[in-house]
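> What follows is a structure written as structure tokens; I'll ask about it next.
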Protein chains: 2
Amino acid sequence: MTDMAPSRVRNIAELALLAGVNAGTVSRALANNPLVKKETRERIQALAHKHGYRPNQMARRLRIQETRVIGVVVPLGHEKRQHLSDPFFMSILGHLADALTENGYDIMLSRVIPDAEDWLERIVDSGMLDGVLLIGQSNQFEAIERVAAWYKPMVVWGSHKPGQIHCTVGVDNRTGGRLAGECLIAAGRKRLVFLGETTAPELHERYRGLCDAASAAGLAKPVKLDTHLASEVMADEIAAHVERIGAEADGIAAGSDLIAMHTVRALADRGVMVPRDVSVTGFDDLPLAEQTIPRLTTISQNIATGARAMVSALYERIAGREGPSVEMDPILIRRDTA
Amino acid sequence: MTDMAPSRVRNIAELALLAGVNAGTVSRALANNPLVKKETRERIQALAHKHGYRPNQMARRLRIQETRVIGVVVPLGHEKRQHLSDPFFMSILGHLADALTENGYDIMLSRVIPDAEDWLERIVDSGMLDGVLLIGQSNQFEAIERVAAWYKPMVVWGSHKPGQIHCTVGVDNRTGGRLAGECLIAAGRKRLVFLGETTAPELHERYRGLCDAASAAGLAKPVKLDTHLASEVMADEIAAHVERIGAEADGIAAGSDLIAMHTVRALADRGVMVPRDVSVTGFDDLPLAEQTIPRLTTISQNIATGARAMVSALYERIAGREGPSVEMDPILIRRDTA
DNA sequence: GCACACATAACAATCGATTGCAATGCGTTT
DNA sequence: AAACGCATTGCAATCGATTGTTATGTGTGC
């Protein structure tokens, strides 16, 4: 008999047959279980390697009842056209991925448009996940609360309302909005505008904070201009806003860094200089905010710290311990635009 | 009997017991199989809804032998410290996610540091994936070829070497590099520099293209300065490069948009104006490249188109048809920096 | 020489669903 | 009234692994 290229072995039974032992023994051998004689163990391991056998994870996880997969879910309720390419999602996702893979967890990524009533139930109940991380509450507060009542291993990035059940990690968005407002006011700006979509609680809080700052300084209530976060429509929308605002406003608090960057760009296109003519603040402190010209003044969300906080809160919950929500302090990063 | 909160049903057997039928019937009923009488079907569906029952996907997929999960894998061989937060990965990932979720596929995200010899085998052989998309070849060409020899449903973003087995989608990086070089030369630049890490085939090809352009114009071979893509070290590294180059170079071809943006920033910090004193080109054409000030001149990778091409090539391969690699033409996007 | 302990490995139940096939019951036809 | 067809449902094998329990054989002690 010639030594053919070893045929690919698909399941443990085939390998057991080849080794002349029972499937159970193969399983133990590959797990390095000392119940199996060292000699047999090594023989089976060598055979497995030779035939390129690797256990079917689906079967294994079904039996073990543990998947070592974490779902990372982005609900896009208020923003159906938004893409995952939004830098904020991507940035936090990157850090989550780093933290999770370090501990041997895989990541199942879902971008969900919550049209079906039970979208979240379907995810947590799929039997494929050991836990769920939600990036943003969108307009799905109710749905999240409903599930959080019985499903514990879930942590949400977003803002914390008093009395809520689900565990959140996030910054104090209202304070963040206030900081942005105070920064603009300190720069001598009096006619403030907020750019952002306020159906998501986070953005709404930021707007409220801005209003707080304005009223504390005796200024008129800032105007709110709805702005989508979807990259494609966003640019045009902001351009239109900027066109309309004209000289009406001199201080712009953007709901996110991305909006701020587009705004600065749109202003520059119309010959309006930042920060000479108008001050602009962002929100998030993306890595890129420091690299733009002019560099963006913004409110830091400290995404790396937040991601780590989410992951460790989730680990606690997977282990059965329920920790409290985490609310981080926002920090004003004063750069060039305000 | 009071109407208690319906207890949560965990598996199909329990529900079958409640409904007073066999598990098989429940399975068919929930699948809306007309073999089950309409009346019974609706009764079971109502019962399932009431008790919040949802089938265990792990078990289902094991039985069906189809997971409807696609692995999206980022190999980080040459770049151990790189994070997923790299905007290029994130941008393409966003588009892939959009294309895949449209067809009801879930995404399993892996950021792999290929230290184990059989990292890719382990992924494709896990039994959890219907197909694999690799973002970038890193320095793992051999490993990819080895697996591609027997595992068909896999598509790779990267460059295509003649005679290779695995299916790639990407732009012609060499031509792209040449375009960048010609653009710099057309701007009157004579002392060219390439910023990038050339152990990955894509980046190496870009450098070769730049060299082509230089030699065609009778210029000296461009200097290559290794630059990591990892966000944290990158900024300092580029600053150091810029410091050292000084007046030595007047045309900089960056290996990616991100490197280009950092470079412009670093030059600005030293009082060097772009494009007055130095011309800079990027590579990728990220959405952000258009929003920076000055706007980035770059080589478009057309990420959205590429992502769609990857996904449809993968669908073909899942269906058993093996299509060829796709090589898209790079396009010079002339903006402000060169 | 018999009982006992111990090391190995086989056996079989289990995880939770899907599905081909067999069985049941009812109505219709001749 | 027997026979046949059809609509429903039950039964049991299956996907591929893990693991508690049982069986086998070997060596030791008395």
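Lettering and numbering for the structure tokens are positional, with chains as A, B, ... in the shown order, residues counted from 1 in each chain, and ligands counted from 1 in the shown order.
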Residues of chain D within 10 Å of chain A, counting only C-alpha atoms (C1' of nucleotides) - could you list those as a list of chain:residue names?
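Using only C-alpha atoms (C1' of nucleotides), chain D residues at most 10 Å from chain A: D:DC15, D:DG16, D:DA17, D:DT18, D:DT19.
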> Using backbone DSSP assignments, extract all strand (DSSP E) residues from segment 82-200 of chain B; output them as a list in words.
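Result set for segment 82-200 of chain B (strand (DSSP E)): Asp106, Ile107, Met108, Leu109, Ser110, Arg111, Val112, Gly131, Val132, Leu133, Leu134, Ile135, Met154, Val155, Val156, Trp157, Cys167, Thr168, Val169, Gly170, Val171, Leu192, Val193, Phe194 and Leu195 of chain B.
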> Using C-alpha atoms, can you export the residues from the last selection as a PDB file, in the first residue's frame?

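Wrote selection-v3.pdb, looks like this:
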```
ATOM      1  CA  ASP B 106     -24.445  36.542  10.641  1.00  0.00           C
ATOM      2  CA  ILE B 107     -20.861  37.575  11.033  1.00  0.00           C
ATOM      3  CA  MET B 108     -18.241  36.044  13.213  1.00  0.00           C
ATOM      4  CA  LEU B 109     -15.409  38.438  13.671  1.00  0.00           C
ATOM      5  CA  SER B 110     -11.921  37.214  14.420  1.00  0.00           C
ATOM      6  CA  ARG B 111      -8.816  39.207  14.858  1.00  0.00           C
ATOM      7  CA  VAL B 112      -6.098  36.617  14.612  1.00  0.00           C
ATOM      8  CA  GLY B 131     -17.663  30.592   4.565  1.00  0.00           C
ATOM      9  CA  VAL B 132     -14.725  32.825   5.348  1.00  0.00           C
ATOM     10  CA  LEU B 133     -13.720  36.298   4.267  1.00  0.00           C
ATOM     11  CA  LEU B 134     -10.135  37.243   4.949  1.00  0.00           C
ATOM     12  CA  ILE B 135      -9.306  40.922   5.118  1.00  0.00           C
ATOM     13  CA  MET B 154     -13.138  31.554   1.095  1.00  0.00           C
ATOM     14  CA  VAL B 155     -12.423  34.926  -0.467  1.00  0.00           C
ATOM     15  CA  VAL B 156      -9.491  37.140   0.407  1.00  0.00           C
ATOM     16  CA  TRP B 157      -9.040  40.872   0.181  1.00  0.00           C
ATOM     17  CA  CYS B 167      -9.544  33.800  -4.728  1.00  0.00           C
ATOM     18  CA  THR B 168      -8.782  37.429  -4.100  1.00  0.00           C
ATOM     19  CA  VAL B 169     -10.610  40.675  -4.567  1.00  0.00           C
ATOM     20  CA  GLY B 170      -8.609  43.841  -4.569  1.00  0.00           C
ATOM     21  CA  VAL B 171      -7.127  46.596  -6.579  1.00  0.00           C
ATOM     22  CA  LEU B 192      10.117  60.671  -3.349  1.00  0.00           C
ATOM     23  CA  VAL B 193       9.564  58.718  -0.164  1.00  0.00           C
ATOM     24  CA  PHE B 194       7.301  55.779   0.619  1.00  0.00           C
ATOM     25  CA  LEU B 195       5.836  55.410   4.096  1.00  0.00           C
TER      26      LEU B 195
END
```
> Can you check which parts of chain C lie within 7 Å of chain B? Per residue, the shortest pair of atoms and distance in Å to one decimal, counting only C-alpha atoms (C1' of nucleotides), sorted by chain and number, as JSON lines.

```
{"residue": "C:DG16", "atom": "C1'", "partner": "B:Ala59", "partner_atom": "CA", "distance": 5.0}
{"residue": "C:DA17", "atom": "C1'", "partner": "B:Arg60", "partner_atom": "CA", "distance": 4.8}
{"residue": "C:DT18", "atom": "C1'", "partner": "B:Arg63", "partner_atom": "CA", "distance": 6.4}
```
> Write the residues you've just listed into a file as a PDB file, in the first residue's frame, and include N, CA and C atoms (P, O5', C5', C4', C3', O3' and C1' of nucleotides) for each of them.

```
ATOM      1  P    DG C  16     -30.718  21.277  26.190  1.00  0.00           P
ATOM      2  O5'  DG C  16     -31.280  21.353  24.698  1.00  0.00           O
ATOM      3  C5'  DG C  16     -30.814  22.364  23.850  1.00  0.00           C
ATOM      4  C4'  DG C  16     -31.337  22.130  22.464  1.00  0.00           C
ATOM      5  C3'  DG C  16     -32.860  22.010  22.374  1.00  0.00           C
ATOM      6  O3'  DG C  16     -33.295  22.922  21.387  1.00  0.00           O
ATOM      7  C1'  DG C  16     -31.820  20.266  21.196  1.00  0.00           C
ATOM      8  P    DA C  17     -34.811  23.213  21.129  1.00  0.00           P
ATOM      9  O5'  DA C  17     -35.046  22.594  19.678  1.00  0.00           O
ATOM     10  C5'  DA C  17     -34.663  23.336  18.557  1.00  0.00           C
ATOM     11  C4'  DA C  17     -34.015  22.454  17.525  1.00  0.00           C
ATOM     12  C3'  DA C  17     -34.943  21.958  16.418  1.00  0.00           C
ATOM     13  O3'  DA C  17     -34.790  22.834  15.302  1.00  0.00           O
ATOM     14  C1'  DA C  17     -33.370  20.278  17.140  1.00  0.00           C
ATOM     15  P    DT C  18     -35.830  22.773  14.125  1.00  0.00           P
ATOM     16  O5'  DT C  18     -35.400  21.490  13.285  1.00  0.00           O
ATOM     17  C5'  DT C  18     -34.189  21.527  12.567  1.00  0.00           C
ATOM     18  C4'  DT C  18     -34.017  20.251  11.780  1.00  0.00           C
ATOM     19  C3'  DT C  18     -35.103  19.968  10.744  1.00  0.00           C
ATOM     20  O3'  DT C  18     -34.432  19.515   9.576  1.00  0.00           O
ATOM     21  C1'  DT C  18     -34.860  18.109  12.153  1.00  0.00           C
TER      22       DT C  18
END
```
> What lies within 12 Å of DC2 of chain C using only C-alpha atoms (C1' of nucleotides), ignoring chain neighbours under 2 positions off, as a PyMOL selection string?
(chain C and resi 4) or (chain D and resi 28-30)
> For the residues selected in the previous step, produce a file with C-alpha atoms (C1' of nucleotides) as a CSV table (one decimal), in the first residue's frame.

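Now in selection30.csv:
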```
chain,number,residue,atom,x,y,z
C,4,DC,C1',-9.3,-6.7,45.9
D,28,DT,C1',-0.8,-7.0,44.1
D,29,DG,C1',-1.5,-8.7,48.9
D,30,DC,C1',-2.5,-12.3,52.1
```
> Write out as a ChimeraX atom specification which residues come within 8 Å of Gly209 of chain B when counting only C-alpha atoms (C1' of nucleotides), dropping same-chain ones fewer than 5 positions away.
/B:173-179,181
> For those residues, write N, CA and C atoms to a file as an mmCIF file, in the first residue's frame.

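Okay, selection.cif is ready:
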```
data_model
loop_
_atom_site.group_PDB
_atom_site.id
_atom_site.type_symbol
_atom_site.label_atom_id
_atom_site.label_comp_id
_atom_site.auth_asym_id
_atom_site.auth_seq_id
_atom_site.Cartn_x
_atom_site.Cartn_y
_atom_site.Cartn_z
ATOM 1 N N ASN B 173 -2.491 46.886 -6.883
ATOM 2 C CA ASN B 173 -1.744 47.773 -6.001
ATOM 3 C C ASN B 173 -0.532 48.399 -6.690
ATOM 4 N N ARG B 174 0.064 47.643 -7.586
ATOM 5 C CA ARG B 174 1.242 48.174 -8.255
ATOM 6 C C ARG B 174 0.876 49.378 -9.130
ATOM 7 N N THR B 175 -0.193 49.207 -9.898
ATOM 8 C CA THR B 175 -0.669 50.333 -10.697
ATOM 9 C C THR B 175 -1.035 51.514 -9.802
ATOM 10 N N GLY B 176 -1.673 51.188 -8.677
ATOM 11 C CA GLY B 176 -2.033 52.258 -7.738
ATOM 12 C C GLY B 176 -0.812 53.023 -7.272
ATOM 13 N N GLY B 177 0.222 52.299 -6.926
ATOM 14 C CA GLY B 177 1.452 52.957 -6.492
ATOM 15 C C GLY B 177 2.048 53.812 -7.602
ATOM 16 N N ARG B 178 1.949 53.294 -8.828
ATOM 17 C CA ARG B 178 2.474 54.053 -9.953
ATOM 18 C C ARG B 178 1.689 55.346 -10.141
ATOM 19 N N LEU B 179 0.363 55.244 -10.036
ATOM 20 C CA LEU B 179 -0.472 56.440 -10.174
ATOM 21 C C LEU B 179 -0.083 57.500 -9.153
ATOM 22 N N GLY B 181 2.775 57.834 -7.683
ATOM 23 C CA GLY B 181 4.078 58.374 -8.058
ATOM 24 C C GLY B 181 3.972 59.378 -9.197
#
```
> For Val36 of chain B, which of D:DG27, D:DA7, D:DG20, D:DA1 is the closest residue, counting only C-alpha atoms (C1' of nucleotides)?
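Looking at the shortest contact to Val36 of chain B, the residue is D:DA7.
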